[in-house]
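Source file: data-v8.tsv; contents: TSV, C-alpha atoms.
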```
chain	number	residue	atom	x	y	z
A	1	MET	CA	0.63	10.57	15.01
A	2	SER	CA	3.36	8.01	15.22
A	3	GLU	CA	5.69	6.31	12.83
A	4	LYS	CA	4.74	4.43	9.67
A	5	PRO	CA	1.50	2.41	10.01
A	6	VAL	CA	1.49	-1.39	10.02
A	7	ARG	CA	-0.98	-3.72	8.33
A	8	VAL	CA	-3.20	-5.65	10.74
A	9	ARG	CA	-5.89	-8.31	10.58
A	10	LEU	CA	-8.88	-7.63	12.85
A	11	TRP	CA	-11.49	-10.01	14.23
A	12	TRP	CA	-14.43	-7.99	15.52
A	13	ARG	CA	-16.00	-9.17	18.79
A	14	THR	CA	-18.95	-6.78	18.81
A	15	ASN	CA	-22.51	-7.66	17.84
A	16	PRO	CA	-22.33	-9.62	14.54
A	17	LEU	CA	-25.70	-8.19	13.50
A	18	LEU	CA	-24.29	-4.68	13.31
A	19	PRO	CA	-23.07	-3.61	9.87
A	20	PRO	CA	-19.30	-3.97	9.31
A	21	LEU	CA	-17.11	-0.89	9.34
A	22	PRO	CA	-16.67	0.46	5.81
A	23	LYS	CA	-13.36	0.89	3.99
A	24	GLY	CA	-11.78	4.20	4.98
A	25	TYR	CA	-13.42	4.31	8.43
A	26	LYS	CA	-11.08	5.57	11.16
A	27	LEU	CA	-11.15	5.01	14.89
A	28	SER	CA	-8.79	5.26	17.83
A	29	ARG	CA	-9.07	2.94	20.84
A	30	PRO	CA	-6.94	1.74	23.77
A	31	ALA	CA	-5.08	-1.46	22.91
A	32	ARG	CA	-3.94	-4.23	25.22
A	33	PHE	CA	-0.97	-6.14	23.79
A	34	ALA	CA	-0.46	-9.86	24.39
A	35	HIS	CA	2.69	-9.34	26.49
A	36	GLN	CA	0.96	-6.96	28.91
A	37	GLY	CA	-0.34	-8.29	32.21
A	38	GLU	CA	-3.53	-7.56	34.10
A	39	ASP	CA	-2.21	-4.11	35.05
A	40	TRP	CA	-1.96	-3.10	31.37
A	41	LEU	CA	-3.88	0.14	31.98
A	42	ARG	CA	-0.82	1.48	33.87
A	43	ASN	CA	1.04	1.42	30.53
A	44	ALA	CA	-1.82	1.73	28.04
A	45	TRP	CA	-1.49	3.10	24.54
A	46	SER	CA	-4.14	3.85	21.92
A	47	LEU	CA	-4.00	2.61	18.36
A	48	SER	CA	-5.35	4.63	15.46
A	49	ILE	CA	-6.98	2.26	12.97
A	50	GLU	CA	-7.94	2.92	9.33
A	51	ILE	CA	-10.03	0.19	7.71
A	52	GLN	CA	-8.49	-0.83	4.36
A	53	GLU	CA	-10.83	-3.58	3.13
A	54	GLU	CA	-14.39	-4.74	3.60
A	55	ARG	CA	-14.91	-7.61	6.05
A	56	ASN	CA	-14.39	-10.97	4.31
A	57	GLU	CA	-16.53	-14.12	4.59
A	58	ALA	CA	-14.38	-15.42	7.46
A	59	GLY	CA	-15.16	-12.25	9.44
A	60	ASP	CA	-11.64	-10.79	9.12
A	61	GLN	CA	-11.03	-7.18	8.22
A	62	PHE	CA	-7.70	-5.67	7.22
A	63	ALA	CA	-6.59	-2.24	8.35
A	64	LEU	CA	-3.62	0.01	8.95
A	65	ALA	CA	-2.67	0.71	12.56
A	66	ARG	CA	-0.32	3.11	14.29
A	67	PHE	CA	0.10	4.48	17.76
A	68	SER	CA	-1.71	7.75	18.41
A	69	ALA	CA	1.21	9.14	20.46
A	70	PRO	CA	4.67	9.82	19.01
A	71	ASP	CA	6.45	8.59	22.16
A	72	ALA	CA	4.68	5.19	22.13
A	73	PRO	CA	6.65	1.91	22.16
A	74	HIS	CA	6.76	1.38	18.37
A	75	GLU	CA	8.65	-1.89	18.79
A	76	TRP	CA	5.36	-3.41	20.00
A	77	LEU	CA	4.10	-3.22	16.39
A	78	ALA	CA	6.32	-6.09	15.20
A	79	PRO	CA	4.90	-8.73	12.83
A	80	GLY	CA	3.06	-11.50	14.67
A	81	GLY	CA	2.22	-9.23	17.60
A	82	ARG	CA	-1.30	-9.57	18.95
A	83	PHE	CA	-3.56	-7.04	20.63
A	84	ALA	CA	-7.15	-6.30	21.61
A	85	LEU	CA	-8.98	-3.01	21.06
A	86	PHE	CA	-11.20	-1.81	23.90
A	87	ASP	CA	-14.18	0.45	24.42
A	88	GLY	CA	-14.23	0.81	28.20
A	89	ALA	CA	-14.11	-2.75	29.55
A	90	THR	CA	-15.52	-4.25	26.33
A	91	VAL	CA	-13.25	-5.91	23.76
A	92	LEU	CA	-14.24	-4.52	20.36
A	93	ALA	CA	-11.77	-6.53	18.29
A	94	GLU	CA	-8.71	-8.71	18.46
A	95	GLY	CA	-5.89	-8.11	16.03
A	96	GLU	CA	-2.60	-9.43	14.69
A	97	ILE	CA	0.16	-7.38	13.10
A	98	ILE	CA	0.82	-8.68	9.58
A	99	ASN	CA	3.82	-6.57	8.57
A	100	PRO	CA	5.70	-3.41	9.54
```
Output the file's structure in the form of structure tokens.
Amino acid sequence: MSEKPVRVRLWWRTNPLLPPLPKGYKLSRPARFAHQGEDWLRNAWSLSIEIQEERNEAGDQFALARFSAPDAPHEWLAPGGRFALFDGATVLAEGEIINP
């Protein structure tokens, strides 16, 4: 795994009828960061996510995130940074980095 995890806010884009991910659930998915262009897959990195809180009434969910690879560009995990998590071509969630 990579350096220290950062706290993120997630907005899930999958089917709203599916049950929310429970606290403690872990997943790893490719992430496209806001500064990356259309060719983002040429420099793609996966984020490991651990859900920290249940989804709130607004649909937000807070989690810890870190890069799965130790040689990833950790500077991309700066506060205010935005990203999307993918499953194939489908956006699972959008996220914002809250703090380092």
Leaving out A:Val8 and any residue of its chain fewer than 4 positions from it, which residues lie within 8 Å of it when counting only C-alpha atoms, given as a PDB file with C-alpha atoms, keeping the file's coordinate frame?
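Ended up saving to out_26.pdb:
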```pdb
ATOM      1  CA  PHE A  62      -7.700  -5.670   7.220  1.00  0.00           C
ATOM      2  CA  ALA A  63      -6.590  -2.240   8.350  1.00  0.00           C
ATOM      3  CA  LEU A  64      -3.620   0.010   8.950  1.00  0.00           C
ATOM      4  CA  ALA A  65      -2.670   0.710  12.560  1.00  0.00           C
ATOM      5  CA  GLY A  95      -5.890  -8.110  16.030  1.00  0.00           C
ATOM      6  CA  GLU A  96      -2.600  -9.430  14.690  1.00  0.00           C
ATOM      7  CA  ILE A  97       0.160  -7.380  13.100  1.00  0.00           C
ATOM      8  CA  ILE A  98       0.820  -8.680   9.580  1.00  0.00           C
ATOM      9  CA  ASN A  99       3.820  -6.570   8.570  1.00  0.00           C
TER      10      ASN A  99
END
```
| message | List as a PyMOL selection string the residues having at least one atom at most 10 Å from position (9.2, -10.1, 14.7) as given in the file, counting all atoms listed in the file. | response | chain A and resi 75-81+97-100
| query | Nearest to A:Ala84: which of A:Leu41, A:Ala34, A:Ala58, A:Ala72 is it, counting all atoms listed in the file? | reply |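 Nearest candidate to A:Ala84 out of A:Leu41, A:Ala34, A:Ala58, A:Ala72: A:Ala34.
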| message | From the options A:Ala31, A:Arg42, A:Arg9, A:Pro22, which residue's atoms come nearest to A:Asp87, counting all atoms listed in the file? | response |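 For A:Asp87, the nearest of the candidates is A:Ala31.
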| Taking only C-alpha atoms into account, which of A:Ser68, A:Ser48, A:Gln61, A:Thr90 comes nearest A:Leu27? | A:Ser48
| For A:Ala69, which of A:Leu10, A:Leu21, A:Leu92, A:Leu47 is the closest residue, counting all atoms listed in the file? |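 Among the listed residues, A:Leu47 lies closest to A:Ala69.
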| field | Between atom CA of A:Trp11 and atom CA of A:Phe67, distance in Å (one decimal) | value |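 Computing the Euclidean distance for atom CA of A:Trp11 and atom CA of A:Phe67 yields 18.9 Å.
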Give the centre and edge lengths of an axis-aligned box, in Å to one decimal, that holds all listed atoms of stretch 34-38 of chain A with 8 Å on each side, as lines of an AutoDock Vina configuration file.
```
center_x = -0.4
center_y = -8.4
center_z = 29.2
size_x = 22.2
size_y = 18.9
size_z = 25.7
```
| request: Rank nothing, just name the residue among A:Pro20, A:Arg82, A:Glu38, A:Lys4 nearest to A:Glu94, using all atoms listed in the file. | output: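 Between A:Pro20, A:Arg82, A:Glu38, A:Lys4, the residue approaching A:Glu94 most closely is A:Arg82.
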| Atomic separation - atom CA of A:Trp12 relative to atom CA of A:Arg55, Å |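 Atom CA of A:Trp12 lies at a distance of 9.5 Å from atom CA of A:Arg55.
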| Length of the atom CA of A:Pro73 to atom CA of A:Trp45 vector [Å] | 8.6 Å
| request: Can you work out which one of A:Ala93, A:Arg32, A:His74, A:Asn56 has the shortest atom-to-atom distance to A:Glu3, counting all atoms listed in the file? | output: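 Between A:Ala93, A:Arg32, A:His74, A:Asn56, the residue approaching A:Glu3 most closely is A:His74.
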Restore N, CA and C atoms in stretch 58-91 of chain A and list the result as a PDB file, keeping the file's coordinate frame.
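File out-v7.pdb, as written:
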```
ATOM      1  N   ALA A  58     -14.850 -14.827   6.203  1.00  0.00           N
ATOM      2  CA  ALA A  58     -14.380 -15.420   7.460  1.00  0.00           C
ATOM      3  C   ALA A  58     -14.580 -14.473   8.650  1.00  0.00           C
ATOM      4  N   GLY A  59     -14.954 -13.230   8.384  1.00  0.00           N
ATOM      5  CA  GLY A  59     -15.160 -12.250   9.440  1.00  0.00           C
ATOM      6  C   GLY A  59     -13.936 -11.390   9.726  1.00  0.00           C
ATOM      7  N   ASP A  60     -12.860 -11.593   8.958  1.00  0.00           N
ATOM      8  CA  ASP A  60     -11.640 -10.790   9.120  1.00  0.00           C
ATOM      9  C   ASP A  60     -11.817  -9.444   8.417  1.00  0.00           C
ATOM     10  N   GLN A  61     -11.073  -8.471   8.897  1.00  0.00           N
ATOM     11  CA  GLN A  61     -11.030  -7.180   8.220  1.00  0.00           C
ATOM     12  C   GLN A  61      -9.601  -6.673   8.326  1.00  0.00           C
ATOM     13  N   PHE A  62      -9.069  -6.166   7.244  1.00  0.00           N
ATOM     14  CA  PHE A  62      -7.700  -5.670   7.220  1.00  0.00           C
ATOM     15  C   PHE A  62      -7.687  -4.166   7.345  1.00  0.00           C
ATOM     16  N   ALA A  63      -6.675  -3.667   8.060  1.00  0.00           N
ATOM     17  CA  ALA A  63      -6.590  -2.240   8.350  1.00  0.00           C
ATOM     18  C   ALA A  63      -5.137  -1.834   8.497  1.00  0.00           C
ATOM     19  N   LEU A  64      -4.916  -0.533   8.588  1.00  0.00           N
ATOM     20  CA  LEU A  64      -3.620   0.010   8.950  1.00  0.00           C
ATOM     21  C   LEU A  64      -3.724   0.504  10.381  1.00  0.00           C
ATOM     22  N   ALA A  65      -2.665   0.294  11.154  1.00  0.00           N
ATOM     23  CA  ALA A  65      -2.670   0.710  12.560  1.00  0.00           C
ATOM     24  C   ALA A  65      -1.374   1.439  12.875  1.00  0.00           C
ATOM     25  N   ARG A  66      -1.481   2.406  13.770  1.00  0.00           N
ATOM     26  CA  ARG A  66      -0.320   3.110  14.290  1.00  0.00           C
ATOM     27  C   ARG A  66      -0.680   3.635  15.661  1.00  0.00           C
ATOM     28  N   PHE A  67       0.351   3.881  16.454  1.00  0.00           N
ATOM     29  CA  PHE A  67       0.100   4.480  17.760  1.00  0.00           C
ATOM     30  C   PHE A  67      -0.351   5.926  17.577  1.00  0.00           C
ATOM     31  N   SER A  68      -1.228   6.370  18.451  1.00  0.00           N
ATOM     32  CA  SER A  68      -1.710   7.750  18.410  1.00  0.00           C
ATOM     33  C   SER A  68      -0.677   8.729  18.942  1.00  0.00           C
ATOM     34  N   ALA A  69       0.210   8.266  19.831  1.00  0.00           N
ATOM     35  CA  ALA A  69       1.210   9.140  20.460  1.00  0.00           C
ATOM     36  C   ALA A  69       2.593   8.910  19.852  1.00  0.00           C
ATOM     37  N   PRO A  70       3.338   9.977  19.605  1.00  0.00           N
ATOM     38  CA  PRO A  70       4.670   9.820  19.010  1.00  0.00           C
ATOM     39  C   PRO A  70       5.683   9.137  19.915  1.00  0.00           C
ATOM     40  N   ASP A  71       5.494   9.194  21.234  1.00  0.00           N
ATOM     41  CA  ASP A  71       6.450   8.590  22.160  1.00  0.00           C
ATOM     42  C   ASP A  71       6.053   7.164  22.576  1.00  0.00           C
ATOM     43  N   ALA A  72       5.135   6.555  21.839  1.00  0.00           N
ATOM     44  CA  ALA A  72       4.680   5.190  22.130  1.00  0.00           C
ATOM     45  C   ALA A  72       5.781   4.170  21.837  1.00  0.00           C
ATOM     46  N   PRO A  73       5.655   2.969  22.378  1.00  0.00           N
ATOM     47  CA  PRO A  73       6.650   1.910  22.160  1.00  0.00           C
ATOM     48  C   PRO A  73       6.453   1.236  20.788  1.00  0.00           C
ATOM     49  N   HIS A  74       6.977   1.846  19.749  1.00  0.00           N
ATOM     50  CA  HIS A  74       6.760   1.380  18.370  1.00  0.00           C
ATOM     51  C   HIS A  74       7.240  -0.043  18.136  1.00  0.00           C
ATOM     52  N   GLU A  75       8.163  -0.522  18.949  1.00  0.00           N
ATOM     53  CA  GLU A  75       8.650  -1.890  18.790  1.00  0.00           C
ATOM     54  C   GLU A  75       7.541  -2.921  19.078  1.00  0.00           C
ATOM     55  N   TRP A  76       6.478  -2.514  19.735  1.00  0.00           N
ATOM     56  CA  TRP A  76       5.360  -3.410  20.000  1.00  0.00           C
ATOM     57  C   TRP A  76       4.602  -3.766  18.718  1.00  0.00           C
ATOM     58  N   LEU A  77       4.815  -2.999  17.654  1.00  0.00           N
ATOM     59  CA  LEU A  77       4.100  -3.220  16.390  1.00  0.00           C
ATOM     60  C   LEU A  77       4.888  -4.118  15.452  1.00  0.00           C
ATOM     61  N   ALA A  78       5.533  -5.134  15.990  1.00  0.00           N
ATOM     62  CA  ALA A  78       6.320  -6.090  15.200  1.00  0.00           C
ATOM     63  C   ALA A  78       5.384  -7.151  14.620  1.00  0.00           C
ATOM     64  N   PRO A  79       5.722  -7.680  13.434  1.00  0.00           N
ATOM     65  CA  PRO A  79       4.900  -8.730  12.830  1.00  0.00           C
ATOM     66  C   PRO A  79       4.673  -9.899  13.788  1.00  0.00           C
ATOM     67  N   GLY A  80       3.443 -10.398  13.787  1.00  0.00           N
ATOM     68  CA  GLY A  80       3.060 -11.500  14.670  1.00  0.00           C
ATOM     69  C   GLY A  80       2.527 -11.042  16.013  1.00  0.00           C
ATOM     70  N   GLY A  81       2.729  -9.765  16.341  1.00  0.00           N
ATOM     71  CA  GLY A  81       2.220  -9.230  17.600  1.00  0.00           C
ATOM     72  C   GLY A  81       0.701  -9.251  17.624  1.00  0.00           C
ATOM     73  N   ARG A  82       0.155  -9.513  18.795  1.00  0.00           N
ATOM     74  CA  ARG A  82      -1.300  -9.570  18.950  1.00  0.00           C
ATOM     75  C   ARG A  82      -1.770  -8.534  19.961  1.00  0.00           C
ATOM     76  N   PHE A  83      -3.002  -8.078  19.766  1.00  0.00           N
ATOM     77  CA  PHE A  83      -3.560  -7.040  20.630  1.00  0.00           C
ATOM     78  C   PHE A  83      -5.074  -7.146  20.628  1.00  0.00           C
ATOM     79  N   ALA A  84      -5.691  -6.433  21.562  1.00  0.00           N
ATOM     80  CA  ALA A  84      -7.150  -6.300  21.610  1.00  0.00           C
ATOM     81  C   ALA A  84      -7.471  -4.819  21.709  1.00  0.00           C
ATOM     82  N   LEU A  85      -8.501  -4.397  20.996  1.00  0.00           N
ATOM     83  CA  LEU A  85      -8.980  -3.010  21.060  1.00  0.00           C
ATOM     84  C   LEU A  85     -10.162  -2.944  22.019  1.00  0.00           C
ATOM     85  N   PHE A  86     -10.171  -1.928  22.864  1.00  0.00           N
ATOM     86  CA  PHE A  86     -11.200  -1.810  23.900  1.00  0.00           C
ATOM     87  C   PHE A  86     -12.051  -0.562  23.739  1.00  0.00           C
ATOM     88  N   ASP A  87     -13.284  -0.678  24.208  1.00  0.00           N
ATOM     89  CA  ASP A  87     -14.180   0.450  24.420  1.00  0.00           C
ATOM     90  C   ASP A  87     -14.632   0.298  25.867  1.00  0.00           C
ATOM     91  N   GLY A  88     -14.001   1.035  26.775  1.00  0.00           N
ATOM     92  CA  GLY A  88     -14.230   0.810  28.200  1.00  0.00           C
ATOM     93  C   GLY A  88     -13.696  -0.554  28.561  1.00  0.00           C
ATOM     94  N   ALA A  89     -14.527  -1.397  29.178  1.00  0.00           N
ATOM     95  CA  ALA A  89     -14.110  -2.750  29.550  1.00  0.00           C
ATOM     96  C   ALA A  89     -14.464  -3.780  28.482  1.00  0.00           C
ATOM     97  N   THR A  90     -15.076  -3.348  27.388  1.00  0.00           N
ATOM     98  CA  THR A  90     -15.520  -4.250  26.330  1.00  0.00           C
ATOM     99  C   THR A  90     -14.470  -4.404  25.249  1.00  0.00           C
ATOM    100  N   VAL A  91     -14.163  -5.651  24.880  1.00  0.00           N
ATOM    101  CA  VAL A  91     -13.250  -5.910  23.760  1.00  0.00           C
ATOM    102  C   VAL A  91     -14.031  -5.725  22.470  1.00  0.00           C
TER     103      VAL A  91
END
```
